[in-house]
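**Student:** Let me begin by handing over the structure; questions about it come next.
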Amino acid sequence: MTTRREFLVLAATSLAVPEAARAQLDPNLAANRKAAFQEALHGIVGDTQVRRGRVKLQLPPLIDNGNSVPFSVVVESPMTEADYVRAIHVLTEKNPLPDVVSVRLSPRAGRATLSTRVRLADTQTVTAIAQMSDGSFWSDSAEVVVTLSACLEEGLI
Amino acid sequence: MSLRFLSAALACLVCTSARAGEIPPDQRRSGYELMSRETRAIQDDDTTNPGMLWVLDGEALWNRKAGTADRACAACHGDARTSMKGVAARYPAFDAALGRPVNLEQRINFCRTGRQKAPPLAFESRELLALTAYVARQSRDLPINIAIDARNKPFLDAGSEAFHRRQGQLNLACSQCHDDNWGKRLAGSLIPQAHPTGYPLYRLEWQGLGSLERRLRNCLIGIRAEPHAYGAPEFVDLELYLMWRANGMKVETPAVRP
Amino acid sequence: MARAVVTMPAQAKRGEIVEIKTLAQHPMETGFRRTQTGELIPRDIIRRFTCTYNGVEVYRADLHPAIAANPLISFTTVASESGALTFQWTGDNSYTVTEIAPIRVE
């Protein structure tokens with residue numbers, strides 16, 4: 001499905017952008033992004049089943065500007081040599097690339113956490129996946145509504 | 001009551017700037033109060049406010065020698081934490097030699113060319129933004145305090161006139177959005193009251209620090225008007241009016257806005 | 001003026017979990033934006049952030065273009081011994097910034 005924003009971008013670009021650039025726009029954008037997300041997910045977890053829980057992704061539900069959205073990931077874990085979080089991955093479903101950040105950690109982190117800021121191109125779902133030391137994968141997802149700004153600057157999109 | 005008396009009374013109201021659409025003092029709000037909790041949190045914490053990267057650069061520049069005079073800002077002004085305290089809250093300020101008000105960026109450049117014998121820094125350059133942010137940071141939490149006297153009154157009036165004048169292809173005045181319709185939405189954005197309390201500020205849209213004039217250029221482009229050049233007298237008059245209009249509100253530099 | 005800022009306590013008790021906030025000055029140019037004339041602006045991002053504690057890596061992040069400009073990375077580590085934490089950001093166009101923060105552990 002083409003969202004309103006994708007339609008606007010397509011419409012505006014087909015009017016203003018030279019042939020070479022237009023050729024790069026894919027009519028199957030949504031399907032391709034979904035496939036890219038699945039590919040990125042598979043690259044992280046392989047064929048292992050991802051379970052819901054143990055991961056808490058905190059993200060504001062509605063944000064002023066998609067250029068810098070603060071979020072945090074906290075994973076429940078004792079963080080001992082026997083049982084710790086090995087990695088945290090964050091993925092988006094509608095950005096030009098699904099990957100956001102991948103973190104490697106060890107028991108020396110004390111807590112399995114990450115706080116940073118992400119760019120979100122559109123209203124979408126963000127997913128955090130944790131890989132435990134026993135090889136299991138756990139995840140959490142959150143939906144964010146990104147509003148469009150008015151009175152944008154000239155020049156860059 | 002004659003028509004002449006009425007129009008005289010009306011003219012008098014206009015000349016004291018007491019316009020119908022003006023925001024009463026108890027209803028004035030910084031843009032800070034209109035933004036989301038998450039964006040406010042970015043501004044509130046110096047350790048995560050990206051604007052502080054420019055402030056720290058400004059501190060380094062303050063202490064670095066420049067120009068053929070081989071002098072640093074600190075050589076004349078000493079510790080900015082005391083010497084620059086409250087300065088940004090008084091700008092734009094009247095410059096006697098020039099016979100008109102100048103903004104903080106222009107004042108810094110006068111120091112560079114006049115005292116340091118260095119070339120002026122380009123408007124919106126990383127260095128000028130950094131120095132301005134560092135100087136303005138020293139006024140954080142102090143009330144904006146623009147004093148109006150006979151010398152700068154004509155420039156204040158010119159700024160006020162520009163604020164209330166319809167312009168651009170959309171034929172809109174600043175006041176129509178920021179006095180009459182603040183708090184409502186323009187596309188997804190809340191319309192703020194246009195108090196320049198935190199410049200230079202980190203705008204998420206810019207993904208960097210920018211000056212009040214950069215913001216004013218965005219506004220003018222938004223209403224399809226011809227934006228003035230950086231440092232144009234028209235801009236400084238408008239800045240003077242906006243700062244005077246925000247008198248008593250606290251300086252927030254480096255603020256963060258969506 | 002490439003610069004980064006690290007905020008963390010200068011001293012801690014042994015075994016205490018300390019919070020570390022880091023901010024790096026970088027545009028994180030995505031590689032997806034175009035100029036007004038339609039030319040693609042090449043990607044220029046920080047690719048990796050590492051934190052080593054007395055030479056041992058304790059935290060590492062691989063960043064992608066979706067990370068906001070002037071990246072904030074905040075995390076924790078266990079104060080195990082006195083010494084220094086080394087923070088390094090590396091990326092496109094040979095970008096490298098290193099910050100060192102001492103810690104005293106009692």
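Chains: A, B, ... in order of the structure tokens. Residues: from 1 per chain. Ligands: from 1, in order shown.
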So which residues touch Met79 of chain A within 12 Å, counting only C-alpha atoms, skipping near sequence neighbours fewer than 4 positions away, as a PDB file with N, CA and C atoms, in the first residue's frame?

**Tutor:**
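around.pdb, freshly written:
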ATOM      1  N   VAL A  75      16.744  -4.450  29.018  1.00  0.00           N
ATOM      2  CA  VAL A  75      16.483  -5.888  28.957  1.00  0.00           C
ATOM      3  C   VAL A  75      16.624  -6.467  30.359  1.00  0.00           C
ATOM      4  N   ASP A  83      24.507 -15.823  32.812  1.00  0.00           N
ATOM      5  CA  ASP A  83      23.267 -15.372  32.177  1.00  0.00           C
ATOM      6  C   ASP A  83      23.328 -13.864  31.923  1.00  0.00           C
ATOM      7  N   TYR A  84      23.583 -13.505  30.682  1.00  0.00           N
ATOM      8  CA  TYR A  84      23.663 -12.083  30.361  1.00  0.00           C
ATOM      9  C   TYR A  84      23.122 -11.814  28.961  1.00  0.00           C
ATOM     10  N   VAL A  85      23.019 -10.521  28.640  1.00  0.00           N
ATOM     11  CA  VAL A  85      22.556 -10.118  27.315  1.00  0.00           C
ATOM     12  C   VAL A  85      23.786  -9.892  26.444  1.00  0.00           C
ATOM     13  N   ARG A  86      23.817 -10.580  25.321  1.00  0.00           N
ATOM     14  CA  ARG A  86      24.985 -10.485  24.443  1.00  0.00           C
ATOM     15  C   ARG A  86      24.867  -9.299  23.478  1.00  0.00           C
ATOM     16  N   ALA A  87      23.641  -9.070  23.000  1.00  0.00           N
ATOM     17  CA  ALA A  87      23.465  -7.999  22.003  1.00  0.00           C
ATOM     18  C   ALA A  87      22.054  -7.419  22.038  1.00  0.00           C
ATOM     19  N   LEU A 105      27.308  -6.307  24.235  1.00  0.00           N
ATOM     20  CA  LEU A 105      27.677  -6.075  25.622  1.00  0.00           C
ATOM     21  C   LEU A 105      28.054  -7.361  26.332  1.00  0.00           C
ATOM     22  N   SER A 106      28.506  -7.187  27.574  1.00  0.00           N
ATOM     23  CA  SER A 106      28.975  -8.305  28.376  1.00  0.00           C
ATOM     24  C   SER A 106      28.488  -8.080  29.808  1.00  0.00           C
ATOM     25  N   PRO A 107      28.729  -9.045  30.706  1.00  0.00           N
ATOM     26  CA  PRO A 107      28.305  -8.827  32.100  1.00  0.00           C
ATOM     27  C   PRO A 107      28.875  -7.535  32.700  1.00  0.00           C
ATOM     28  N   ARG A 108      29.977  -7.057  32.143  1.00  0.00           N
ATOM     29  CA  ARG A 108      30.597  -5.845  32.692  1.00  0.00           C
ATOM     30  C   ARG A 108      29.756  -4.598  32.497  1.00  0.00           C
ATOM     31  N   ALA A 109      28.720  -4.677  31.666  1.00  0.00           N
ATOM     32  CA  ALA A 109      27.831  -3.524  31.505  1.00  0.00           C
ATOM     33  C   ALA A 109      26.987  -3.311  32.778  1.00  0.00           C
ATOM     34  N   GLY A 110      26.808  -4.381  33.564  1.00  0.00           N
ATOM     35  CA  GLY A 110      26.017  -4.251  34.794  1.00  0.00           C
ATOM     36  C   GLY A 110      24.530  -4.319  34.527  1.00  0.00           C
ATOM     37  N   ARG A 111      24.083  -3.519  33.580  1.00  0.00           N
ATOM     38  CA  ARG A 111      22.683  -3.535  33.152  1.00  0.00           C
ATOM     39  C   ARG A 111      22.671  -3.596  31.633  1.00  0.00           C
ATOM     40  N   ALA A 112      21.665  -4.241  31.093  1.00  0.00           N
ATOM     41  CA  ALA A 112      21.556  -4.303  29.627  1.00  0.00           C
ATOM     42  C   ALA A 112      20.665  -3.161  29.172  1.00  0.00           C
ATOM     43  N   THR A 113      21.280  -2.012  28.888  1.00  0.00           N
ATOM     44  CA  THR A 113      20.498  -0.841  28.496  1.00  0.00           C
ATOM     45  C   THR A 113      21.142  -0.119  27.310  1.00  0.00           C
ATOM     46  N   MET A 132      20.261 -13.249  24.135  1.00  0.00           N
ATOM     47  CA  MET A 132      20.768 -13.646  25.450  1.00  0.00           C
ATOM     48  C   MET A 132      21.988 -14.555  25.298  1.00  0.00           C
ATOM     49  N   SER A 133      22.709 -14.754  26.411  1.00  0.00           N
ATOM     50  CA  SER A 133      23.911 -15.585  26.353  1.00  0.00           C
ATOM     51  C   SER A 133      23.580 -17.048  26.062  1.00  0.00           C
TER      52      SER A 133
ATOM     53  N   ILE C  17      27.193   0.199  39.638  1.00  0.00           N
ATOM     54  CA  ILE C  17      26.891   0.369  38.208  1.00  0.00           C
ATOM     55  C   ILE C  17      26.846   1.867  37.919  1.00  0.00           C
ATOM     56  N   THR C  76      25.567   1.751  30.666  1.00  0.00           N
ATOM     57  CA  THR C  76      26.134   1.587  32.005  1.00  0.00           C
ATOM     58  C   THR C  76      27.337   0.654  31.965  1.00  0.00           C
ATOM     59  N   THR C  77      28.141   0.739  33.017  1.00  0.00           N
ATOM     60  CA  THR C  77      29.214  -0.243  33.190  1.00  0.00           C
ATOM     61  C   THR C  77      29.459  -0.420  34.690  1.00  0.00           C
ATOM     62  N   VAL C  78      30.064  -1.568  35.048  1.00  0.00           N
ATOM     63  CA  VAL C  78      30.346  -1.826  36.457  1.00  0.00           C
ATOM     64  C   VAL C  78      31.721  -1.252  36.796  1.00  0.00           C
TER      65      VAL C  78
END

**Student:** Only residues of chain C matter here; which ones have an atom within 12 Å of chain B, counting only C-alpha atoms? Give them as a PyMOL selection string.

**Tutor:** chain C and resi 1-8+19-29+67-74

**Student:** Considering only C-alpha atoms, can you say which of B:Arg245, B:Arg151, B:Arg40, B:His77 comes closest to chain A?

**Tutor:**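 Closest residue, counting only C-alpha atoms: B:Arg40.
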
**Student:** Considering only C-alpha atoms, can you say which of C:Arg43, C:His64, C:Arg14, C:Arg48 comes closest to chain A?

**Tutor:**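 Among C:Arg43, C:His64, C:Arg14, C:Arg48, it is C:His64 that comes nearest to chain A.
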
**Student:** For chain A, report every residue with an atom at most 9 Å from chain C (counting only C-alpha atoms), formatted as a PyMOL selection string.

**Tutor:** chain A and resi 16-18+21+67-69+72+92+95-121+154-157
